[in-house]
$ cat query32.pdb   # PDB, C-alpha atoms and all ligand atoms
ATOM      1  CA  MET A1366      86.378  75.831-185.641  1.00  0.00           C
ATOM      2  CA  SER A1367      89.884  76.542-186.893  1.00  0.00           C
ATOM      3  CA  ALA A1368      92.890  76.374-184.583  1.00  0.00           C
ATOM      4  CA  LEU A1369      93.959  79.487-182.687  1.00  0.00           C
ATOM      5  CA  LEU A1370      97.218  81.154-183.674  1.00  0.00           C
ATOM      6  CA  CYS A1371     100.023  81.579-181.148  1.00  0.00           C
ATOM      7  CA  PRO A1372     100.269  85.274-180.119  1.00  0.00           C
ATOM      8  CA  ASP A1373     104.067  85.019-180.379  1.00  0.00           C
ATOM      9  CA  CYS A1374     104.803  82.665-183.273  1.00  0.00           C
ATOM     10  CA  ARG A1375     101.598  83.163-185.255  1.00  0.00           C
ATOM     11  CA  ILE A1376     101.377  79.453-185.979  1.00  0.00           C
ATOM     12  CA  GLU A1377      98.471  77.172-185.222  1.00  0.00           C
ATOM     13  CA  MET A1378      98.250  75.921-181.654  1.00  0.00           C
ATOM     14  CA  GLU A1379      97.291  72.399-180.653  1.00  0.00           C
ATOM     15  CA  THR A1380      94.528  71.596-178.206  1.00  0.00           C
ATOM     16  CA  GLN A1381      95.591  69.566-175.197  1.00  0.00           C
ATOM     17  CA  THR A1382      93.585  68.313-172.263  1.00  0.00           C
ATOM     18  CA  TYR A1383      94.469  69.053-168.651  1.00  0.00           C
ATOM     19  CA  TYR A1384      92.154  67.529-166.042  1.00  0.00           C
ATOM     20  CA  GLY A1385      89.466  67.240-168.677  1.00  0.00           C
ATOM     21  CA  VAL A1386      89.764  70.887-169.721  1.00  0.00           C
ATOM     22  CA  LEU A1387      90.889  71.803-173.221  1.00  0.00           C
ATOM     23  CA  VAL A1388      93.633  74.392-173.569  1.00  0.00           C
ATOM     24  CA  ASP A1389      95.623  75.565-176.607  1.00  0.00           C
ATOM     25  CA  VAL A1390      99.356  74.951-176.622  1.00  0.00           C
ATOM     26  CA  CYS A1391     101.847  76.334-179.143  1.00  0.00           C
ATOM     27  CA  PRO A1392     103.998  73.476-180.489  1.00  0.00           C
ATOM     28  CA  ALA A1393     106.952  75.806-181.071  1.00  0.00           C
ATOM     29  CA  CYS A1394     107.262  78.046-178.015  1.00  0.00           C
ATOM     30  CA  ALA A1395     105.173  75.910-175.615  1.00  0.00           C
ATOM     31  CA  GLY A1396     103.115  78.923-174.593  1.00  0.00           C
ATOM     32  CA  VAL A1397      99.627  78.089-173.380  1.00  0.00           C
ATOM     33  CA  TRP A1398      96.385  79.919-174.124  1.00  0.00           C
ATOM     34  CA  PHE A1399      93.521  79.622-171.652  1.00  0.00           C
ATOM     35  CA  ASP A1400      90.008  80.752-172.324  1.00  0.00           C
ATOM     36  CA  GLU A1401      88.411  82.409-169.337  1.00  0.00           C
ATOM     37  CA  ARG A1402      86.258  79.434-168.382  1.00  0.00           C
ATOM     38  CA  GLU A1403      89.146  77.016-168.950  1.00  0.00           C
ATOM     39  CA  MET A1404      91.343  78.919-166.543  1.00  0.00           C
ATOM     40  CA  ARG A1405      88.575  79.077-163.955  1.00  0.00           C
ATOM     41  CA  ALA A1406      87.782  75.377-164.306  1.00  0.00           C
ATOM     42  CA  LEU A1407      91.431  74.454-163.931  1.00  0.00           C
ATOM     43  CA  MET A1408      91.979  76.743-160.960  1.00  0.00           C
ATOM     44  CA  GLN A1409      89.174  74.946-159.152  1.00  0.00           C
ATOM     45  CA  VAL A1410      90.899  71.641-159.681  1.00  0.00           C
ATOM     46  CA  ASP A1411      94.353  72.878-158.908  1.00  0.00           C
ATOM     47  CA  PRO A1412      95.131  76.431-157.773  1.00  0.00           C
ATOM     48  CA  LEU A1413      98.696  75.836-158.840  1.00  0.00           C
ATOM     49  CA  ILE A1414      97.664  74.596-162.223  1.00  0.00           C
ATOM     50  CA  LEU A1415     100.341  76.509-164.086  1.00  0.00           C
ATOM     51  CA  LEU A1416     102.907  74.627-162.094  1.00  0.00           C
ATOM     52  CA  SER A1417     101.609  71.283-163.296  1.00  0.00           C
ATOM     53  CA  LEU A1418     101.472  72.562-166.847  1.00  0.00           C
ATOM     54  CA  GLU A1419     105.143  73.337-166.778  1.00  0.00           C
ATOM     55  CA  ASP A1420     106.084  69.680-166.843  1.00  0.00           C
ATOM     56  CA  ARG A1421     103.943  68.970-169.861  1.00  0.00           C
ATOM     57  CA  ALA A1422     104.399  71.966-172.086  1.00  0.00           C
ATOM     58  CA  VAL A1423     107.988  71.856-173.305  1.00  0.00           C
ATOM     59  CA  PRO A1424     109.216  73.810-176.299  1.00  0.00           C
ATOM     60  CA  ASP A1425     110.442  71.767-179.279  1.00  0.00           C
ATOM     61  CA  VAL A1426     113.442  73.918-179.965  1.00  0.00           C
ATOM     62  CA  TYR A1427     115.132  76.792-178.265  1.00  0.00           C
ATOM     63  CA  TYR A1428     112.887  79.706-178.946  1.00  0.00           C
ATOM     64  CA  SER A1429     113.086  83.369-178.114  1.00  0.00           C
ATOM     65  CA  ALA A1430     110.119  85.592-178.748  1.00  0.00           C
ATOM     66  CA  GLN A1431     110.693  88.836-180.541  1.00  0.00           C
ATOM     67  CA  GLU A1432     110.224  91.534-177.959  1.00  0.00           C
ATOM     68  CA  THR A1433     109.027  93.996-180.543  1.00  0.00           C
ATOM     69  CA  LEU A1434     106.123  91.834-181.576  1.00  0.00           C
ATOM     70  CA  GLU A1435     102.856  93.032-180.144  1.00  0.00           C
ATOM     71  CA  ARG A1436     100.856  90.196-178.666  1.00  0.00           C
ATOM     72  CA  ARG A1437      97.265  90.010-179.696  1.00  0.00           C
ATOM     73  CA  CYS A1438      94.424  87.866-178.429  1.00  0.00           C
ATOM     74  CA  PRO A1439      94.136  84.782-180.668  1.00  0.00           C
ATOM     75  CA  ARG A1440      90.360  85.082-180.434  1.00  0.00           C
ATOM     76  CA  CYS A1441      89.643  88.825-180.480  1.00  0.00           C
ATOM     77  CA  ALA A1442      92.806  90.057-182.237  1.00  0.00           C
ATOM     78  CA  ILE A1443      93.051  93.006-179.820  1.00  0.00           C
ATOM     79  CA  PRO A1444      96.325  93.675-177.933  1.00  0.00           C
ATOM     80  CA  LEU A1445      96.850  91.692-174.742  1.00  0.00           C
ATOM     81  CA  HIS A1446      97.426  93.427-171.412  1.00  0.00           C
ATOM     82  CA  PRO A1447      99.591  92.481-168.417  1.00  0.00           C
ATOM     83  CA  TYR A1448      97.847  90.142-166.035  1.00  0.00           C
ATOM     84  CA  ARG A1449      99.097  88.986-162.654  1.00  0.00           C
ATOM     85  CA  TYR A1450      98.891  85.319-161.797  1.00  0.00           C
ATOM     86  CA  LEU A1451      97.877  84.892-158.157  1.00  0.00           C
ATOM     87  CA  TYR A1452      97.953  88.244-156.453  1.00  0.00           C
ATOM     88  CA  ASP A1453     101.255  87.918-154.638  1.00  0.00           C
ATOM     89  CA  SER A1454     103.090  86.408-157.561  1.00  0.00           C
ATOM     90  CA  PRO A1455     105.747  88.428-159.376  1.00  0.00           C
ATOM     91  CA  VAL A1456     104.811  86.720-162.615  1.00  0.00           C
ATOM     92  CA  GLU A1457     103.131  88.791-165.262  1.00  0.00           C
ATOM     93  CA  LEU A1458     101.034  87.070-167.863  1.00  0.00           C
ATOM     94  CA  ASP A1459      99.083  88.542-170.746  1.00  0.00           C
ATOM     95  CA  GLY A1460      95.328  88.736-170.601  1.00  0.00           C
ATOM     96  CA  CYS A1461      92.634  89.810-173.021  1.00  0.00           C
ATOM     97  CA  ASN A1462      90.313  92.516-171.687  1.00  0.00           C
ATOM     98  CA  GLN A1463      87.537  91.412-173.975  1.00  0.00           C
ATOM     99  CA  CYS A1464      87.294  87.601-173.742  1.00  0.00           C
ATOM    100  CA  HIS A1465      89.409  87.361-170.545  1.00  0.00           C
ATOM    101  CA  GLY A1466      91.593  84.670-172.030  1.00  0.00           C
ATOM    102  CA  ILE A1467      95.119  84.362-170.671  1.00  0.00           C
ATOM    103  CA  TRP A1468      98.398  83.785-172.481  1.00  0.00           C
ATOM    104  CA  VAL A1469     101.172  82.028-170.581  1.00  0.00           C
ATOM    105  CA  GLU A1470     104.666  81.962-172.047  1.00  0.00           C
ATOM    106  CA  ASP A1471     106.792  78.922-171.401  1.00  0.00           C
ATOM    107  CA  GLY A1472     109.413  81.008-169.620  1.00  0.00           C
ATOM    108  CA  GLU A1473     106.733  82.409-167.357  1.00  0.00           C
ATOM    109  CA  LEU A1474     105.652  78.903-166.416  1.00  0.00           C
ATOM    110  CA  ARG A1475     109.174  78.214-165.277  1.00  0.00           C
ATOM    111  CA  ARG A1476     109.292  81.415-163.244  1.00  0.00           C
ATOM    112  CA  ILE A1477     106.020  80.510-161.553  1.00  0.00           C
ATOM    113  CA  HIS A1478     107.411  77.080-160.842  1.00  0.00           C
ATOM    114  CA  GLU A1479     110.496  78.530-159.174  1.00  0.00           C
ATOM    115  CA  GLU A1480     108.441  81.059-157.268  1.00  0.00           C
ATOM    116  CA  MET A1481     106.106  78.383-155.920  1.00  0.00           C
ATOM    117  CA  HIS A1482     108.931  76.104-154.920  1.00  0.00           C
ATOM    118  CA  ARG A1483     110.495  78.803-152.861  1.00  0.00           C
ATOM    119  CA  HIS A1484     107.354  79.037-150.743  1.00  0.00           C
ATOM    120  CA  ARG A1485     106.160  75.473-150.621  1.00  0.00           C
ATOM    121  CA  THR A1486     107.223  72.676-148.348  1.00  0.00           C
ATOM    122  CA  PRO A1487     107.379  69.033-149.484  1.00  0.00           C
ATOM    123  CA  ASP A1488     104.309  68.438-147.304  1.00  0.00           C
ATOM    124  CA  GLU A1489     102.258  70.917-149.251  1.00  0.00           C
ATOM    125  CA  GLU A1490     103.343  69.430-152.531  1.00  0.00           C
ATOM    126  CA  GLU A1491     102.337  65.996-151.366  1.00  0.00           C
ATOM    127  CA  ARG A1492      98.941  67.277-150.274  1.00  0.00           C
ATOM    128  CA  GLN A1493      98.500  68.964-153.633  1.00  0.00           C
ATOM    129  CA  ARG A1494      99.317  65.754-155.476  1.00  0.00           C
ATOM    130  CA  LEU A1495      96.827  63.821-153.373  1.00  0.00           C
ATOM    131  CA  ALA A1496      94.134  66.429-153.944  1.00  0.00           C
ATOM    132  CA  ILE A1497      94.627  66.165-157.687  1.00  0.00           C
ATOM    133  CA  ALA A1498      94.560  62.375-157.628  1.00  0.00           C
ATOM    134  CA  GLN A1499      91.420  62.471-155.540  1.00  0.00           C
ATOM    135  CA  TYR A1500      89.753  64.908-157.882  1.00  0.00           C
ATOM    136  CA  ALA A1501      90.529  62.688-160.874  1.00  0.00           C
ATOM    137  CA  MET A1502      88.965  59.770-159.042  1.00  0.00           C
ATOM    138  CA  GLN A1503      85.899  61.730-157.993  1.00  0.00           C
ATOM    139  CA  SER A1504      85.242  63.030-161.450  1.00  0.00           C
ATOM    140  CA  GLN A1505      85.454  59.478-162.767  1.00  0.00           C
ATOM    141  CA  GLN A1506      82.932  58.398-160.138  1.00  0.00           C
ATOM    142  CA  GLN A1507      80.683  61.302-161.031  1.00  0.00           C
ATOM    143  CA  VAL A1508      80.705  60.279-164.666  1.00  0.00           C
ATOM    144  CA  GLU A1509      79.838  56.719-163.739  1.00  0.00           C
ATOM    145  CA  ARG A1510      77.057  57.841-161.420  1.00  0.00           C
ATOM    146  CA  ALA A1511      75.648  60.178-164.058  1.00  0.00           C
ATOM    147  CA  ASN A1512      75.670  57.377-166.617  1.00  0.00           C
ATOM    148  CA  MET A1513      73.972  55.053-164.179  1.00  0.00           C
ATOM    149  CA  LEU A1514      71.267  57.602-163.370  1.00  0.00           C
ATOM    150  CA  ALA A1515      70.727  58.328-167.038  1.00  0.00           C
ATOM    151  CA  SER A1516      70.179  54.687-167.864  1.00  0.00           C
ATOM    152  CA  LEU A1517      67.978  54.302-164.803  1.00  0.00           C
ATOM    153  CA  PHE A1518      65.802  57.212-165.879  1.00  0.00           C
ATOM    154  CA  SER A1519      65.453  55.979-169.406  1.00  0.00           C
ATOM    155  CA  LEU A1520      64.516  52.568-168.041  1.00  0.00           C
ATOM    156  CA  LEU A1521      61.870  54.119-165.773  1.00  0.00           C
ATOM    157  CA  ARG A1522      60.464  56.133-168.636  1.00  0.00           C
ATOM    158  CA  LYS A1523      60.009  52.967-170.621  1.00  0.00           C
ATOM    159  CA  ARG A1524      58.488  51.015-167.772  1.00  0.00           C
ATOM    160  CA  ILE A1525      56.002  53.550-166.484  1.00  0.00           C
ATOM    161  CA  PRO A1526      53.069  54.053-168.838  1.00  0.00           C
ATOM    162  CA  PRO A1527      51.940  57.647-169.301  1.00  0.00           C
ATOM    163  CA  PHE A1528      49.452  58.750-166.672  1.00  0.00           C
ATOM    164  CA  SER A1529      45.996  58.338-168.127  1.00  0.00           C
ATOM    165  CA  GLY A1530      43.664  59.234-165.281  1.00  0.00           C
ATOM    166  CA  PHE A1531      41.278  56.861-163.511  1.00  0.00           C
TER     167      PHE A1531
HETATM  168 ZN    ZN B1601     104.340  80.065-180.048  1.00  0.00          ZN
HETATM  169 ZN    ZN B1602      90.204  88.006-176.467  1.00  0.00          ZN
END
$ encode --input "query32.pdb" --output "structure tokens"
Amino acid sequence: MSALLCPDCRIEMETQTYYGVLVDVCPACAGVWFDEREMRALMQVDPLILLSLEDRAVPDVYYSAQETLERRCPRCAIPLHPYRYLYDSPVELDGCNQCHGIWVEDGELRRIHEEMHRHRTPDEEERQRLAIAQYAMQSQQQVERANMLASLFSLLRKRIPPFSGF
């Protein structure tokens, strides 16, 4: 599969992993493309996922998108439409009506960040951090348990001879 092109810069984006989910990040403008299932997976981990992304996706150089450029879905090539992140948020993102992917500009990440900070108390932020840390730990445990079960099953399959009647 070839890399997706940034809807703004039209250059190849790089895949990055957030909480085990792959997203596409533009190396120039630091915009982030989420496929529908990626966004949903990340929202389950962290409802304020875009906030955490802000710290990690930083543009290389000062970049200003050309307003005249029509944004198109990097997958479907159809024009993107305004999409609201969290219902009460003033931040407008761009979404694809066909594949339901979402494009998040770097500047929009910052606006979300500011918006969230206005409403959140340090307590809530601490709780959020703990929840994320706990999730990371749980998913690690789940992987270990799954591996253990898999090896247990394959061991049992080897040990138990096929049922051959009486
Ligand atoms: Zn870009
Ligand atoms: Zn699309």
$ residues_near_ligand --input "query32.pdb" --ligand "ligand ZN 1602 (chain B)" --cutoff "9 Å" --atoms "all atoms listed in the file" --output "PyMOL selection string"
chain A and resi 1400+1437-1445+1460-1467
$ residues_near_ligand --input "query32.pdb" --ligand "ligand ZN 1601 (chain B)" --cutoff "8 Å" --atoms "all atoms listed in the file" --output "number ranges by chain"
A: 1371-1376, 1378, 1390-1396
$ atom_distance --input "query32.pdb" --atom1 "atom CA of A:Tyr1383" --atom2 "atom CA of A:Leu1407"
7.8 Å
$ atom_distance --input "query32.pdb" --atom1 "atom CA of A:Asp1459" --atom2 "atom CA of A:Glu1490"
26.7 Å
$ atom_distance --input "query32.pdb" --atom1 "atom CA of A:Ala1496" --atom2 "atom CA of A:Leu1387"
20.3 Å
$ resolve_selection --input "query32.pdb" --expression "the PyMOL selection byres (((chain A and resi 1404) around 9) and not hetatm)" --output "PDB file with C-alpha atoms, keeping the file's coordinate frame"
ATOM      1  CA  VAL A1386      89.764  70.887-169.721  1.00  0.00           C
ATOM      2  CA  VAL A1388      93.633  74.392-173.569  1.00  0.00           C
ATOM      3  CA  PHE A1399      93.521  79.622-171.652  1.00  0.00           C
ATOM      4  CA  ASP A1400      90.008  80.752-172.324  1.00  0.00           C
ATOM      5  CA  GLU A1401      88.411  82.409-169.337  1.00  0.00           C
ATOM      6  CA  ARG A1402      86.258  79.434-168.382  1.00  0.00           C
ATOM      7  CA  GLU A1403      89.146  77.016-168.950  1.00  0.00           C
ATOM      8  CA  ARG A1405      88.575  79.077-163.955  1.00  0.00           C
ATOM      9  CA  ALA A1406      87.782  75.377-164.306  1.00  0.00           C
ATOM     10  CA  LEU A1407      91.431  74.454-163.931  1.00  0.00           C
ATOM     11  CA  MET A1408      91.979  76.743-160.960  1.00  0.00           C
ATOM     12  CA  GLN A1409      89.174  74.946-159.152  1.00  0.00           C
ATOM     13  CA  ILE A1414      97.664  74.596-162.223  1.00  0.00           C
ATOM     14  CA  GLY A1466      91.593  84.670-172.030  1.00  0.00           C
ATOM     15  CA  ILE A1467      95.119  84.362-170.671  1.00  0.00           C
TER      16      ILE A1467
END
$ build_atoms --input "query32.pdb" --residues "stretch 1455-1466 of chain A" --atoms "N, CA and C atoms" --output "CSV table (one decimal), in the coordinates of the input"
chain,number,residue,atom,x,y,z
A,1455,PRO,N,105.1,87.4,-158.6
A,1455,PRO,CA,105.7,88.4,-159.4
A,1455,PRO,C,105.6,88.2,-160.9
A,1456,VAL,N,104.9,87.1,-161.2
A,1456,VAL,CA,104.8,86.7,-162.6
A,1456,VAL,C,103.7,87.5,-163.4
A,1457,GLU,N,104.1,88.1,-164.5
A,1457,GLU,CA,103.1,88.8,-165.3
A,1457,GLU,C,102.8,88.0,-166.5
A,1458,LEU,N,101.5,87.8,-166.7
A,1458,LEU,CA,101.0,87.1,-167.9
A,1458,LEU,C,100.3,88.1,-168.7
A,1459,ASP,N,99.8,87.6,-169.9
A,1459,ASP,CA,99.1,88.5,-170.7
A,1459,ASP,C,97.6,88.1,-170.8
A,1460,GLY,N,96.7,89.1,-170.6
A,1460,GLY,CA,95.3,88.7,-170.6
A,1460,GLY,C,94.6,89.6,-171.6
A,1461,CYS,N,93.5,89.1,-172.1
A,1461,CYS,CA,92.6,89.8,-173.0
A,1461,CYS,C,91.5,90.5,-172.2
A,1462,ASN,N,91.4,91.8,-172.4
A,1462,ASN,CA,90.3,92.5,-171.7
A,1462,ASN,C,88.9,92.2,-172.2
A,1463,GLN,N,88.9,91.7,-173.4
A,1463,GLN,CA,87.5,91.4,-174.0
A,1463,GLN,C,87.0,90.0,-173.6
A,1464,CYS,N,87.8,89.0,-174.0
A,1464,CYS,CA,87.3,87.6,-173.7
A,1464,CYS,C,87.9,87.0,-172.4
A,1465,HIS,N,88.8,87.8,-171.8
A,1465,HIS,CA,89.4,87.4,-170.5
A,1465,HIS,C,90.2,86.1,-170.7
A,1466,GLY,N,90.7,85.8,-171.8
A,1466,GLY,CA,91.6,84.7,-172.0
A,1466,GLY,C,93.0,85.1,-171.5
